[in-house]
Amino acid sequence: MGAVEELPDGVQRHDVPGGSIITAQLDSVLNWARKSSMWSLSFGLSCCAIEMMATAASHYDLDRFGIMFRATPRQADVMIVAGWVSVKMAPLIKRLWDQMPEPKYAVAMGGCASAGGPYRDSETIVKGVDRIIPVSVYIYGCPPRPENLIYGLMKLQERIQKEPFLAKRRQLEPIVVQ
Amino acid sequence: MSEETRPTEQGYIPLLQERFGELISGVEWVDNEARLTVSLDKLHDFLSFARDDLLLKFPADLTAFDTGEQFVLVYRLVSIEKGYAMLLHCSISREDPVVPTASDLWPGFNWHEREVFDMFGIRFEGHPDLRRILLPDDWEGFPFRKDYVSVPSGDPLHGPQPVDEVGWKP
């Protein structure tokens, strides 16, 4: 690995004879590690999932942010809800969310997951996934472009970096990407 | 054009009339397919005749609609060997909608019949696994019936959801 150009907040570098050492706040280092490995739960609900797959594929390459898709909720930190949530699917999403270990974040990708989208007048569609699980990031679009999804995830990274990880975490206002 | 010079193409319709006579009605031959209505009494015999004798082996579609007074089942059968098809209607009473299954003749109709049951509540006697296919298992009522009214449950994990809360229109 090359030299770290930009050190996270709270990390200081001290030159000593024979090299250098860094001192840091534990929160800062842990958060830096967490935000650089936001493993995401691998599932998609509808057309937004196609855009999410495009974001994960080589052209946009989510791997460079450390975001990799895991096929089990036990190993996932982030749930990207990509698509509409039907009443039949809702209990399953809730169960997957409950199976994810803390700390965990939900991203409502696109109009359907945020508020029901064009299916608001359907009795079988849940009007936004935030009625089932707490959402950290809302991303606008139908479907959102990969850039939009990446921007939302980078905003989430910024928030994770500032989080008081070892202290009790506050319930923060959700991020809205427009 | 006089009666004599009109094209007399009738396909397999004479065969049907010979075998089922009064039980079928509204028969016409359009675009290489017969369109007709069959009585519920002999529906299963009719379907097995269509499959085995007319070689309508491909189950293209099975659906239904609600006229308000009765349900009408719609079968669409295709013969790939013969190059013709059939559009079959069968009326059922709304009070006691029970019909014989066609999934023993065409296993492909299994899920079609489950969907018709899901949406209209038409029961298929002899179906191996007649339960809801699209809606959640605990859904109440049959949404494609004309008299269906959805009452929001107030629970995002269960039952009908509220509709059009913010006045959004396409």
# chains A, B, ... in the order shown; residues from 1 in each chain; ligands from 1

$ interface_residues --of "chain B" --to "chain A" --cutoff "7 Å" --atoms "only C-alpha atoms" --output "MDAnalysis selection string"
chainID B and resid 135:136 156:158 160:164

$ residues_around --residues "Leu36 of chain B" --least-positions-apart "2" --cutoff "9 Å" --atoms "only C-alpha atoms" --output "PDB file with N, CA and C atoms, in the first residue's frame"
ATOM      1  N   ILE B  24     -73.253 -26.392 -27.260  1.00  0.00           N
ATOM      2  CA  ILE B  24     -72.418 -25.270 -27.659  1.00  0.00           C
ATOM      3  C   ILE B  24     -73.268 -24.234 -28.357  1.00  0.00           C
ATOM      4  N   SER B  25     -72.849 -22.968 -28.243  1.00  0.00           N
ATOM      5  CA  SER B  25     -73.625 -21.892 -28.860  1.00  0.00           C
ATOM      6  C   SER B  25     -72.687 -20.778 -29.298  1.00  0.00           C
ATOM      7  N   GLY B  26     -73.227 -19.871 -30.087  1.00  0.00           N
ATOM      8  CA  GLY B  26     -72.458 -18.716 -30.545  1.00  0.00           C
ATOM      9  C   GLY B  26     -71.221 -19.087 -31.333  1.00  0.00           C
ATOM     10  N   VAL B  27     -71.327 -20.128 -32.148  1.00  0.00           N
ATOM     11  CA  VAL B  27     -70.134 -20.628 -32.830  1.00  0.00           C
ATOM     12  C   VAL B  27     -69.826 -19.790 -34.056  1.00  0.00           C
ATOM     13  N   GLU B  28     -68.581 -19.359 -34.163  1.00  0.00           N
ATOM     14  CA  GLU B  28     -68.137 -18.719 -35.404  1.00  0.00           C
ATOM     15  C   GLU B  28     -66.686 -19.072 -35.659  1.00  0.00           C
ATOM     16  N   TRP B  29     -66.315 -18.973 -36.929  1.00  0.00           N
ATOM     17  CA  TRP B  29     -64.959 -19.332 -37.338  1.00  0.00           C
ATOM     18  C   TRP B  29     -64.285 -18.074 -37.854  1.00  0.00           C
ATOM     19  N   ALA B  34     -61.962 -21.232 -33.879  1.00  0.00           N
ATOM     20  CA  ALA B  34     -63.383 -21.292 -33.549  1.00  0.00           C
ATOM     21  C   ALA B  34     -63.605 -20.513 -32.278  1.00  0.00           C
ATOM     22  N   VAL B  38     -69.546 -22.864 -24.372  1.00  0.00           N
ATOM     23  CA  VAL B  38     -69.954 -24.231 -24.055  1.00  0.00           C
ATOM     24  C   VAL B  38     -70.656 -24.233 -22.706  1.00  0.00           C
ATOM     25  N   MET B  86     -58.640 -22.273 -30.717  1.00  0.00           N
ATOM     26  CA  MET B  86     -60.015 -22.221 -30.206  1.00  0.00           C
ATOM     27  C   MET B  86     -60.086 -21.208 -29.074  1.00  0.00           C
ATOM     28  N   LEU B  87     -61.142 -20.390 -29.126  1.00  0.00           N
ATOM     29  CA  LEU B  87     -61.405 -19.455 -28.030  1.00  0.00           C
ATOM     30  C   LEU B  87     -62.728 -19.866 -27.418  1.00  0.00           C
ATOM     31  N   LEU B  88     -62.658 -20.320 -26.173  1.00  0.00           N
ATOM     32  CA  LEU B  88     -63.798 -20.981 -25.558  1.00  0.00           C
ATOM     33  C   LEU B  88     -64.274 -20.189 -24.349  1.00  0.00           C
ATOM     34  N   HIS B  89     -65.558 -19.882 -24.316  1.00  0.00           N
ATOM     35  CA  HIS B  89     -66.143 -19.228 -23.144  1.00  0.00           C
ATOM     36  C   HIS B  89     -67.039 -20.215 -22.410  1.00  0.00           C
ATOM     37  N   CYS B  90     -67.112 -20.046 -21.093  1.00  0.00           N
ATOM     38  CA  CYS B  90     -67.995 -20.889 -20.304  1.00  0.00           C
ATOM     39  C   CYS B  90     -68.518 -20.068 -19.132  1.00  0.00           C
TER      40      CYS B  90
END

$ closest_residue --among "A:Val81, A:Cys142, A:Ala115, A:Ala76" --to "Glu102 of chain A" --atoms "only C-alpha atoms"
A:Ala76

$ select_by_dssp --residues "segment 2-165 of chain B" --states "alpha helix (DSSP H)" --output "MDAnalysis selection string"
chainID B and resid 13:20 43:52 109:120

$ atom_distance --atom1 "atom CA of Val177 of chain A" --atom2 "atom CA of Leu45 of chain A"
20.3 Å

$ residues_around --residues "Leu130 of chain B" --least-positions-apart "4" --cutoff "10 Å" --atoms "only C-alpha atoms" --output "list in words"
Asn110, Trp111, Glu113, Arg114, Glu115, Phe117, Asp118, Arg123, Phe124, Glu125 and Gly126 of chain B

$ write_last_selection --atoms "N, CA and C atoms" --output "mmCIF file, in the first residue's frame"
data_model
loop_
_atom_site.group_PDB
_atom_site.id
_atom_site.type_symbol
_atom_site.label_atom_id
_atom_site.label_comp_id
_atom_site.auth_asym_id
_atom_site.auth_seq_id
_atom_site.Cartn_x
_atom_site.Cartn_y
_atom_site.Cartn_z
ATOM 1 N N ASN B 110 -52.228 -25.497 -14.405
ATOM 2 C CA ASN B 110 -52.233 -25.521 -12.943
ATOM 3 C C ASN B 110 -52.172 -24.104 -12.365
ATOM 4 N N TRP B 111 -51.170 -23.351 -12.770
ATOM 5 C CA TRP B 111 -50.975 -22.008 -12.196
ATOM 6 C C TRP B 111 -52.017 -21.034 -12.712
ATOM 7 N N GLU B 113 -55.096 -21.703 -13.222
ATOM 8 C CA GLU B 113 -56.296 -21.896 -12.402
ATOM 9 C C GLU B 113 -56.094 -21.309 -11.010
ATOM 10 N N ARG B 114 -54.873 -21.400 -10.490
ATOM 11 C CA ARG B 114 -54.611 -20.776 -9.198
ATOM 12 C C ARG B 114 -54.779 -19.263 -9.290
ATOM 13 N N GLU B 115 -54.357 -18.683 -10.412
ATOM 14 C CA GLU B 115 -54.490 -17.235 -10.555
ATOM 15 C C GLU B 115 -55.959 -16.841 -10.656
ATOM 16 N N PHE B 117 -58.433 -18.476 -9.409
ATOM 17 C CA PHE B 117 -58.963 -18.630 -8.049
ATOM 18 C C PHE B 117 -58.568 -17.445 -7.180
ATOM 19 N N ASP B 118 -57.332 -17.001 -7.330
ATOM 20 C CA ASP B 118 -56.813 -15.894 -6.530
ATOM 21 C C ASP B 118 -57.615 -14.619 -6.770
ATOM 22 N N ARG B 123 -63.595 -21.805 -7.871
ATOM 23 C CA ARG B 123 -62.943 -23.017 -7.364
ATOM 24 C C ARG B 123 -62.899 -24.077 -8.459
ATOM 25 N N PHE B 124 -61.739 -24.712 -8.592
ATOM 26 C CA PHE B 124 -61.556 -25.735 -9.613
ATOM 27 C C PHE B 124 -61.540 -27.091 -8.931
ATOM 28 N N GLU B 125 -62.604 -27.862 -9.161
ATOM 29 C CA GLU B 125 -62.695 -29.171 -8.516
ATOM 30 C C GLU B 125 -61.682 -30.130 -9.112
ATOM 31 N N GLY B 126 -60.920 -30.787 -8.260
ATOM 32 C CA GLY B 126 -59.925 -31.740 -8.720
ATOM 33 C C GLY B 126 -58.547 -31.134 -8.912
#

$ atom_distance --atom1 "atom CA of Pro103 of chain A" --atom2 "atom CA of Asp77 of chain A"
6.7 Å

$ residues_around --residues "Phe109 of chain B" --least-positions-apart "6" --cutoff "12 Å" --atoms "only C-alpha atoms" --output "ChimeraX atom specification"
/B:57-63,75-77,101-103,115-116,124,127-130

$ atom_distance --atom1 "atom CA of Ser37 of chain A" --atom2 "atom CA of Lys104 of chain A"
12.2 Å

$ residues_around --residues "segment 46-50 of chain A" --least-positions-apart "6" --cutoff "10 Å" --atoms "only C-alpha atoms" --output "PyMOL selection string"
chain A and resi 56+80-85+109-113+141-146

$ residues_around --residues "Gln75 of chain A" --least-positions-apart "2" --cutoff "9 Å" --atoms "only C-alpha atoms" --output "MDAnalysis selection string"
chainID A and resid 39:41 70:73 77 100:101

$ residues_around --residues "segment 16-23 of chain B" --least-positions-apart "6" --cutoff "12 Å" --atoms "only C-alpha atoms" --output "list in words"
Gln10, Ala34, Arg35, Leu36, Thr37, Val38, Ser39, Leu40, Asp41, Lys42, Leu43, Asp45, Phe46, Leu47, Phe49, Ala50, Asp53, Leu54, Met86 and Cys90 of chain B

$ select_by_dssp --residues "segment 16-157 of chain B" --states "strand (DSSP E or B)" --output "ChimeraX atom specification"
/B:24-30,33-38,58-66,70-79,84-93,98-100,123-125,155

$ decode --residues "segment 12-35 of chain A" --atoms "N, CA and C atoms" --output "mmCIF file, in the first residue's frame"
data_model
loop_
_atom_site.group_PDB
_atom_site.id
_atom_site.type_symbol
_atom_site.label_atom_id
_atom_site.label_comp_id
_atom_site.auth_asym_id
_atom_site.auth_seq_id
_atom_site.Cartn_x
_atom_site.Cartn_y
_atom_site.Cartn_z
ATOM 1 N N GLN A 12 -3.411 11.424 13.491
ATOM 2 C CA GLN A 12 -2.235 12.278 13.340
ATOM 3 C C GLN A 12 -1.005 11.435 13.083
ATOM 4 N N ARG A 13 -0.127 12.022 12.294
ATOM 5 C CA ARG A 13 1.082 11.299 11.912
ATOM 6 C C ARG A 13 2.270 11.965 12.581
ATOM 7 N N HIS A 14 3.102 11.161 13.204
ATOM 8 C CA HIS A 14 4.270 11.686 13.899
ATOM 9 C C HIS A 14 5.503 11.040 13.304
ATOM 10 N N ASP A 15 6.441 11.898 12.900
ATOM 11 C CA ASP A 15 7.709 11.365 12.390
ATOM 12 C C ASP A 15 8.612 11.034 13.562
ATOM 13 N N VAL A 16 9.145 9.858 13.537
ATOM 14 C CA VAL A 16 10.105 9.445 14.558
ATOM 15 C C VAL A 16 11.323 8.903 13.824
ATOM 16 N N PRO A 17 12.469 8.829 14.493
ATOM 17 C CA PRO A 17 13.658 8.277 13.827
ATOM 18 C C PRO A 17 13.376 6.875 13.300
ATOM 19 N N GLY A 18 13.630 6.690 12.020
ATOM 20 C CA GLY A 18 13.438 5.372 11.437
ATOM 21 C C GLY A 18 12.065 5.177 10.809
ATOM 22 N N GLY A 19 11.192 6.200 10.804
ATOM 23 C CA GLY A 19 9.871 6.031 10.172
ATOM 24 C C GLY A 19 8.861 6.964 10.784
ATOM 25 N N SER A 20 7.623 6.510 10.882
ATOM 26 C CA SER A 20 6.603 7.362 11.474
ATOM 27 C C SER A 20 5.555 6.493 12.155
ATOM 28 N N ILE A 21 4.877 7.085 13.115
ATOM 29 C CA ILE A 21 3.765 6.390 13.763
ATOM 30 C C ILE A 21 2.552 7.288 13.659
ATOM 31 N N ILE A 22 1.376 6.676 13.783
ATOM 32 C CA ILE A 22 0.175 7.491 13.817
ATOM 33 C C ILE A 22 -0.539 7.268 15.140
ATOM 34 N N THR A 23 -1.154 8.320 15.595
ATOM 35 C CA THR A 23 -2.044 8.195 16.745
ATOM 36 C C THR A 23 -3.428 8.602 16.270
ATOM 37 N N ALA A 24 -4.421 8.007 16.879
ATOM 38 C CA ALA A 24 -5.774 8.281 16.398
ATOM 39 C C ALA A 24 -6.786 8.017 17.483
ATOM 40 N N GLN A 25 -7.935 8.631 17.306
ATOM 41 C CA GLN A 25 -9.075 8.255 18.135
ATOM 42 C C GLN A 25 -9.610 6.915 17.624
ATOM 43 N N LEU A 26 -10.006 6.080 18.562
ATOM 44 C CA LEU A 26 -10.470 4.753 18.159
ATOM 45 C C LEU A 26 -11.708 4.844 17.271
ATOM 46 N N ASP A 27 -12.649 5.732 17.650
ATOM 47 C CA ASP A 27 -13.838 5.950 16.834
ATOM 48 C C ASP A 27 -13.488 6.204 15.382
ATOM 49 N N SER A 28 -12.526 7.090 15.212
ATOM 50 C CA SER A 28 -12.171 7.528 13.876
ATOM 51 C C SER A 28 -11.639 6.366 13.035
ATOM 52 N N VAL A 29 -10.805 5.546 13.641
ATOM 53 C CA VAL A 29 -10.221 4.421 12.894
ATOM 54 C C VAL A 29 -11.279 3.365 12.603
ATOM 55 N N LEU A 30 -12.082 3.077 13.610
ATOM 56 C CA LEU A 30 -13.127 2.071 13.396
ATOM 57 C C LEU A 30 -14.106 2.519 12.318
ATOM 58 N N ASN A 31 -14.476 3.806 12.379
ATOM 59 C CA ASN A 31 -15.417 4.307 11.381
ATOM 60 C C ASN A 31 -14.800 4.301 9.994
ATOM 61 N N TRP A 32 -13.522 4.612 9.928
ATOM 62 C CA TRP A 32 -12.836 4.577 8.622
ATOM 63 C C TRP A 32 -12.869 3.164 8.048
ATOM 64 N N ALA A 33 -12.684 2.176 8.915
ATOM 65 C CA ALA A 33 -12.744 0.786 8.451
ATOM 66 C C ALA A 33 -14.173 0.417 8.050
ATOM 67 N N ARG A 34 -15.126 0.884 8.831
ATOM 68 C CA ARG A 34 -16.518 0.510 8.532
ATOM 69 C C ARG A 34 -17.013 1.133 7.246
ATOM 70 N N LYS A 35 -16.672 2.395 7.054
ATOM 71 C CA LYS A 35 -17.197 3.054 5.851
ATOM 72 C C LYS A 35 -16.503 2.529 4.597
#
